[in-house]
>>> print(open('final-v4.cif').read())   # mmCIF, C-alpha atoms and all ligand atoms
data_protein
loop_
_atom_site.label_atom_id
_atom_site.label_comp_id
_atom_site.auth_asym_id
_atom_site.auth_seq_id
_atom_site.Cartn_x
_atom_site.Cartn_y
_atom_site.Cartn_z
CA MET A 173 6.57 -7.45 34.95
CA ALA A 174 5.75 -3.93 35.98
CA GLY A 175 5.12 -1.36 33.31
CA PHE A 176 4.85 -3.85 30.48
CA ASP A 177 4.18 -1.84 27.36
CA ARG A 178 2.41 -4.05 24.89
CA ALA A 179 2.62 -1.58 21.99
CA MET A 180 6.36 -1.16 22.51
CA PHE A 181 6.80 -4.93 22.78
CA LYS A 182 5.07 -5.39 19.43
CA LYS A 183 7.31 -2.80 17.83
CA ILE A 184 10.46 -4.33 19.26
CA ALA A 185 9.35 -7.83 18.23
CA GLY A 186 8.85 -6.50 14.71
CA VAL A 187 12.29 -4.92 14.59
CA PHE A 188 14.31 -7.81 15.99
CA ALA A 189 12.46 -10.70 14.42
CA PRO A 190 11.65 -9.50 10.91
CA GLU A 191 11.23 -13.09 9.74
CA ARG A 192 8.43 -13.55 12.28
CA LYS A 193 5.89 -11.21 10.73
CA ARG A 194 2.92 -12.66 12.54
CA LEU A 195 1.77 -10.07 15.06
CA LEU A 196 1.83 -11.15 18.68
CA CYS A 197 -1.29 -9.20 19.61
CA CYS A 198 -4.35 -8.14 17.64
CA ALA A 199 -3.43 -4.83 15.97
CA LEU A 200 -6.76 -3.30 16.95
CA CYS A 201 -7.76 -4.55 20.41
CA GLY A 202 -4.45 -5.98 21.64
CA SER A 203 -5.85 -9.41 22.54
CA PRO A 204 -3.18 -12.12 22.42
CA ASP A 205 -2.65 -14.71 19.71
CA PRO A 206 -4.43 -13.15 16.73
CA ALA A 207 -5.01 -15.01 13.45
CA ASP A 208 -2.41 -14.91 10.67
CA CYS A 209 -3.89 -11.65 9.38
CA GLY A 210 -2.81 -9.89 12.59
CA LEU A 211 -6.31 -9.35 13.94
CA CYS A 212 -8.48 -11.36 16.31
CA GLU A 213 -11.64 -12.87 14.88
CA ALA A 214 -13.92 -10.13 16.25
CA CYS A 215 -11.76 -7.28 14.90
CA ALA A 216 -11.24 -8.99 11.52
CA ALA A 217 -15.03 -9.16 11.19
CA MET A 218 -15.24 -5.37 11.65
CA MET A 219 -12.92 -4.54 8.74
CA PRO A 220 -14.90 -2.78 5.97
CA GLU A 221 -15.16 -4.63 2.70
CA ALA A 222 -13.90 -2.82 -0.40
CA PRO A 223 -16.31 -2.08 -3.22
CA ALA A 224 -16.38 -5.03 -5.59
CA LYS A 225 -15.26 -3.03 -8.62
CA ARG A 226 -12.70 -0.26 -8.71
CA SER A 227 -11.04 1.10 -11.79
CA ALA A 228 -8.63 3.84 -12.79
CA PRO A 229 -7.84 5.22 -16.25
CA GLY A 230 -4.92 3.42 -17.85
CA ILE A 231 -4.89 0.63 -15.26
CA ASP A 232 -5.61 -2.89 -16.49
CA GLY A 233 -7.07 -4.03 -13.19
CA VAL A 234 -7.46 -2.53 -9.70
CA ARG A 235 -7.82 -4.52 -6.47
CA ALA A 236 -8.30 -3.01 -3.01
CA ALA A 237 -8.51 -4.94 0.24
CA PHE A 238 -10.72 -2.59 2.27
CA ALA A 239 -12.99 0.42 2.02
CA TYR A 240 -11.28 3.47 3.54
CA GLU A 241 -13.60 3.43 6.56
CA GLU A 242 -13.19 2.55 10.23
CA PRO A 243 -11.39 0.61 11.54
CA ALA A 244 -9.24 0.21 8.40
CA ARG A 245 -8.78 4.00 8.26
CA THR A 246 -7.32 4.11 11.77
CA LEU A 247 -4.91 1.32 10.91
CA ILE A 248 -3.77 3.14 7.74
CA LEU A 249 -3.20 6.38 9.70
CA ARG A 250 -1.21 4.50 12.36
CA PHE A 251 0.81 2.80 9.63
CA LYS A 252 1.60 6.03 7.79
CA PHE A 253 1.88 8.63 10.50
CA LYS A 254 2.61 6.82 13.79
CA ASN A 255 5.57 4.88 12.44
CA GLU A 256 3.81 1.53 13.02
CA ARG A 257 5.64 -0.05 10.16
CA TYR A 258 4.76 -3.62 11.18
CA LEU A 259 1.19 -2.97 10.00
CA ALA A 260 2.47 -3.51 6.44
CA ALA A 261 2.27 -7.25 7.15
CA LEU A 262 -1.41 -6.96 8.11
CA PHE A 263 -2.42 -5.07 4.98
CA ALA A 264 -0.24 -7.20 2.72
CA TYR A 265 -1.88 -10.35 4.07
CA TYR A 266 -5.24 -9.16 2.77
CA MET A 267 -3.84 -7.63 -0.42
CA ALA A 268 -1.99 -10.84 -1.37
CA ALA A 269 -5.29 -12.73 -1.22
CA LEU A 270 -6.60 -10.53 -4.06
CA ASP A 271 -3.56 -10.98 -6.29
CA ASP A 272 -4.87 -12.67 -9.43
CA PHE A 273 -2.54 -10.76 -11.78
CA PRO A 274 -0.30 -12.40 -14.41
CA LYS A 275 2.55 -14.41 -12.96
CA GLU A 276 5.31 -12.36 -14.57
CA ALA A 277 4.12 -8.97 -13.25
CA VAL A 278 6.43 -7.30 -10.73
CA LEU A 279 5.54 -5.16 -7.71
CA VAL A 280 6.25 -1.44 -8.05
CA PRO A 281 5.67 0.90 -5.11
CA VAL A 282 3.98 4.23 -5.87
CA PRO A 283 6.92 6.48 -4.95
CA LEU A 284 6.80 9.06 -2.20
CA HIS A 285 8.69 12.29 -2.58
CA GLU A 286 12.11 12.01 -0.87
CA LYS A 287 11.18 14.85 1.50
CA ARG A 288 8.16 12.90 2.76
CA LYS A 289 10.10 9.68 3.01
CA LYS A 290 12.70 11.43 5.15
CA LEU A 291 10.04 12.94 7.39
CA ARG A 292 8.31 9.58 7.84
CA GLY A 293 11.47 7.52 8.07
CA PHE A 294 10.18 4.94 5.62
CA SER A 295 8.04 4.51 2.54
CA GLN A 296 4.73 2.84 3.31
CA THR A 297 4.32 1.63 -0.28
CA GLY A 298 7.84 0.18 -0.21
CA GLU A 299 7.03 -1.69 3.01
CA LEU A 300 3.83 -3.06 1.46
CA CYS A 301 5.82 -4.21 -1.58
CA ARG A 302 8.37 -6.03 0.56
CA GLU A 303 5.64 -7.84 2.49
CA LEU A 304 3.69 -8.68 -0.66
CA SER A 305 6.82 -10.08 -2.28
CA ARG A 306 7.43 -12.25 0.79
CA LEU A 307 3.87 -13.58 0.68
CA THR A 308 3.46 -14.04 -3.08
CA GLY A 309 7.04 -14.70 -4.23
CA ARG A 310 6.73 -11.91 -6.80
CA GLY A 311 9.67 -9.86 -7.94
CA THR A 312 9.93 -6.18 -7.02
CA ALA A 313 11.15 -3.20 -9.03
CA PHE A 314 11.87 -0.41 -6.58
CA ASN A 315 13.77 1.88 -8.91
CA ILE A 316 11.86 2.00 -12.18
CA LEU A 317 9.49 4.73 -11.03
CA GLN A 318 10.52 8.04 -9.44
CA ARG A 319 8.64 10.97 -8.04
CA ASN A 320 10.04 14.20 -9.46
CA ARG A 321 8.25 16.61 -7.23
CA ASP A 322 5.93 16.78 -4.29
CA THR A 323 2.31 17.53 -5.13
CA PRO A 324 -0.16 19.56 -3.06
CA PRO A 325 -2.92 17.66 -1.25
CA GLN A 326 -5.55 16.62 -3.77
CA THR A 327 -8.48 16.48 -1.38
CA GLY A 328 -11.71 17.79 -2.85
CA LEU A 329 -10.39 18.27 -6.37
CA PRO A 330 -12.14 16.68 -9.34
CA PHE A 331 -10.27 14.03 -11.33
CA SER A 332 -9.33 16.38 -14.19
CA GLU A 333 -7.70 18.88 -11.81
CA ARG A 334 -5.88 16.15 -9.94
CA GLN A 335 -4.55 14.88 -13.22
CA GLU A 336 -3.40 18.38 -14.16
CA ASN A 337 -1.59 18.76 -10.78
CA LEU A 338 0.17 15.45 -11.27
CA LYS A 339 1.43 16.08 -14.78
CA GLY A 340 5.12 15.23 -14.91
CA ALA A 341 5.20 14.33 -11.21
CA PHE A 342 6.53 10.85 -12.01
CA SER A 343 9.13 9.53 -14.40
CA ALA A 344 10.13 5.98 -15.22
CA GLY A 345 13.14 4.18 -16.62
CA GLY A 346 14.03 0.58 -17.27
CA ALA A 347 10.43 -0.58 -17.53
CA GLU A 348 10.76 -1.97 -21.07
CA GLY A 349 8.67 -5.08 -21.51
CA LEU A 350 7.70 -5.26 -17.84
CA SER A 351 4.22 -5.88 -16.52
CA ALA A 352 3.82 -3.89 -13.34
CA ILE A 353 1.60 -4.05 -10.29
CA LEU A 354 1.53 -0.60 -8.71
CA VAL A 355 1.27 -0.86 -4.94
CA ASP A 356 -0.41 1.96 -3.01
CA ASP A 357 -1.93 2.43 0.43
CA VAL A 358 -5.12 4.28 -0.51
CA ILE A 359 -6.69 4.75 -3.94
CA THR A 360 -8.98 7.78 -4.11
CA SER A 361 -9.73 9.16 -7.58
CA GLY A 362 -7.09 6.96 -9.21
CA ALA A 363 -5.30 10.02 -10.68
CA THR A 364 -1.96 9.13 -9.04
CA LEU A 365 -2.11 5.56 -10.32
CA ALA A 366 -3.09 6.81 -13.78
CA GLU A 367 -0.09 9.15 -13.88
CA CYS A 368 2.26 6.38 -12.67
CA ALA A 369 0.92 4.05 -15.37
CA ARG A 370 1.41 6.73 -18.00
CA ALA A 371 5.06 7.21 -16.99
CA LEU A 372 5.68 3.45 -17.00
CA ARG A 373 4.07 2.98 -20.41
CA GLU A 374 6.07 5.87 -21.86
CA THR A 375 9.22 3.86 -21.21
CA GLY A 376 7.84 0.64 -22.60
CA ALA A 377 5.95 -1.12 -19.80
CA GLY A 378 3.26 -3.54 -20.91
CA GLN A 379 0.27 -4.13 -18.67
CA VAL A 380 -0.07 -2.06 -15.52
CA PHE A 381 -2.23 -3.19 -12.59
CA ALA A 382 -2.82 -1.74 -9.13
CA LEU A 383 -3.04 -3.40 -5.74
CA CYS A 384 -4.11 -1.12 -2.87
CA ALA A 385 -4.75 -1.54 0.83
CA CYS A 386 -7.83 0.71 0.86
CA SER A 387 -10.25 2.29 -1.56
CA ALA A 388 -11.80 5.67 -0.76
CA GLU A 389 -14.81 6.41 -2.89
CA LYS A 390 -14.85 10.08 -1.96
CA ASP A 391 -12.60 12.48 -0.11
ZN ZN B 401 -8.99 -7.68 18.14
#
>>> encode(input="final-v4.cif", output="C-alpha cells")
Amino acid sequence: MAGFDRAMFKKIAGVFAPERKRLLCCALCGSPDPADCGLCEACAAMMPEAPAKRSAPGIDGVRAAFAYEEPARTLILRFKFKNERYLAALFAYYMAALDDFPKEAVLVPVPLHEKRKKLRGFSQTGELCRELSRLTGRGTAFNILQRNRDTPPQTGLPFSERQENLKGAFSAGGAEGLSAILVDDVITSGATLAECARALRETGAGQVFALCACSAEKD
C-alpha cells in the first residue's frame, strides 16, 4: 500500500479499537509486534529506571515507573503535547506493576486546569487513571479533586516557593473516608502532590498515595 503511515495507523487503531490497548508497533522504534508493554525488547531495555525511593510531604507512599530521562522523557512529551493519547497504555502498564497500595484505595487523577485540558483535548492524568483502572481493577474517583486556578510554571523554584504558589490551587469534596492514589505524569519536587493530598485530607480522606509515570529529581 503506497503511502502507508504507520504513526497514523497506530492512532486510528487506538481510536477504533479501544479494547485492544496493545500497541501494534513499538512506540519508540516502530518495529512490529512489541511486547505487552508497547515497546520492543531493545527499546524497553533503554527505559531509565526510577530512583528506588521517592517521597513527598503528606504522601503515604510514592511510586514512579521511570526516571524523567531519555527515552522516557520523549514519550511523556509526545503523550502530553503531541496528542498521542494511546501512550497512556504504555505508561500504565509499568505503573500498574508498582501498585502495592491498599486494596480499597481509589485512583484520583491530579487535575489539570480546564483551560489546559481544552487546549490539549484531553487530560493525561485522566487517561492514565482509566488505563490503570483497566489493568488493576481499581475504582476511580474523577470528581473529588478540582483545580481552582492555573499555576505558573514551577521550574527552578525551591519547594517552599512552589508550595506557596500552589496554595488554594486545589479543592476537594466527597473524599470522606476514602484512601486515594493520586495519579500524575511527572513528579518533580512533589509540591503539587502535597497540595492535592492536603485538599483531600481537609475533606476527610484517609491515606493518600501517589503513582507517577516519571520522577524528575531536578528541573
Ligand atoms: Zn523498539
>>> residues_around(input="final-v4.cif", residues="A:Phe238", least_positions_apart="4", cutoff="12 Å", atoms="all atoms listed in the file", output="ChimeraX atom specification")
/A:216-226,242-245,247-248,262-267,270,357-359,383-389
>>> residues_near_ligand(input="final-v4.cif", ligand="ligand ZN 401 (chain B)", cutoff="9 Å", atoms="all atoms listed in the file", output="number ranges by chain")
A: 197-204, 206, 210-216
>>> residues_around(input="final-v4.cif", residues="stretch 371-377 of chain A", least_positions_apart="3", cutoff="10 Å", atoms="all atoms listed in the file", output="PyMOL selection string")
chain A and resi 230+316-318+339-352+365-368+380
>>> closest_residue(input="final-v4.cif", among="A:Leu249, A:Ala269, A:Val234, A:Asn315", to="A:Thr360", atoms="only C-alpha atoms")
A:Val234
>>> residues_around(input="final-v4.cif", residues="A:Glu299", least_positions_apart="3", cutoff="9 Å", atoms="all atoms listed in the file", output="count of residues only")
11
>>> atom_distance(input="final-v4.cif", atom1="atom CA of A:Arg292", atom2="atom CA of A:Pro330")
27.6 Å
>>> atom_distance(input="final-v4.cif", atom1="atom CA of A:Val278", atom2="atom CA of A:Gly311")
5.0 Å
>>> closest_residue(input="final-v4.cif", among="A:Leu284, A:Leu354, A:Cys209, A:Leu259", to="A:Asn320", atoms="only C-alpha atoms")
A:Leu284
>>> atom_distance(input="final-v4.cif", atom1="atom CA of A:Phe273", atom2="atom CA of A:Ala237")
14.6 Å
>>> closest_residue(input="final-v4.cif", among="A:Pro324, A:Gly309, A:Gly293, A:Pro229", to="A:Ser361", atoms="only C-alpha atoms")
A:Pro229
>>> closest_residue(input="final-v4.cif", among="A:Ala228, A:Lys275, A:Leu300, A:Asp208", to="A:Ala382", atoms="all atoms listed in the file")
A:Ala228
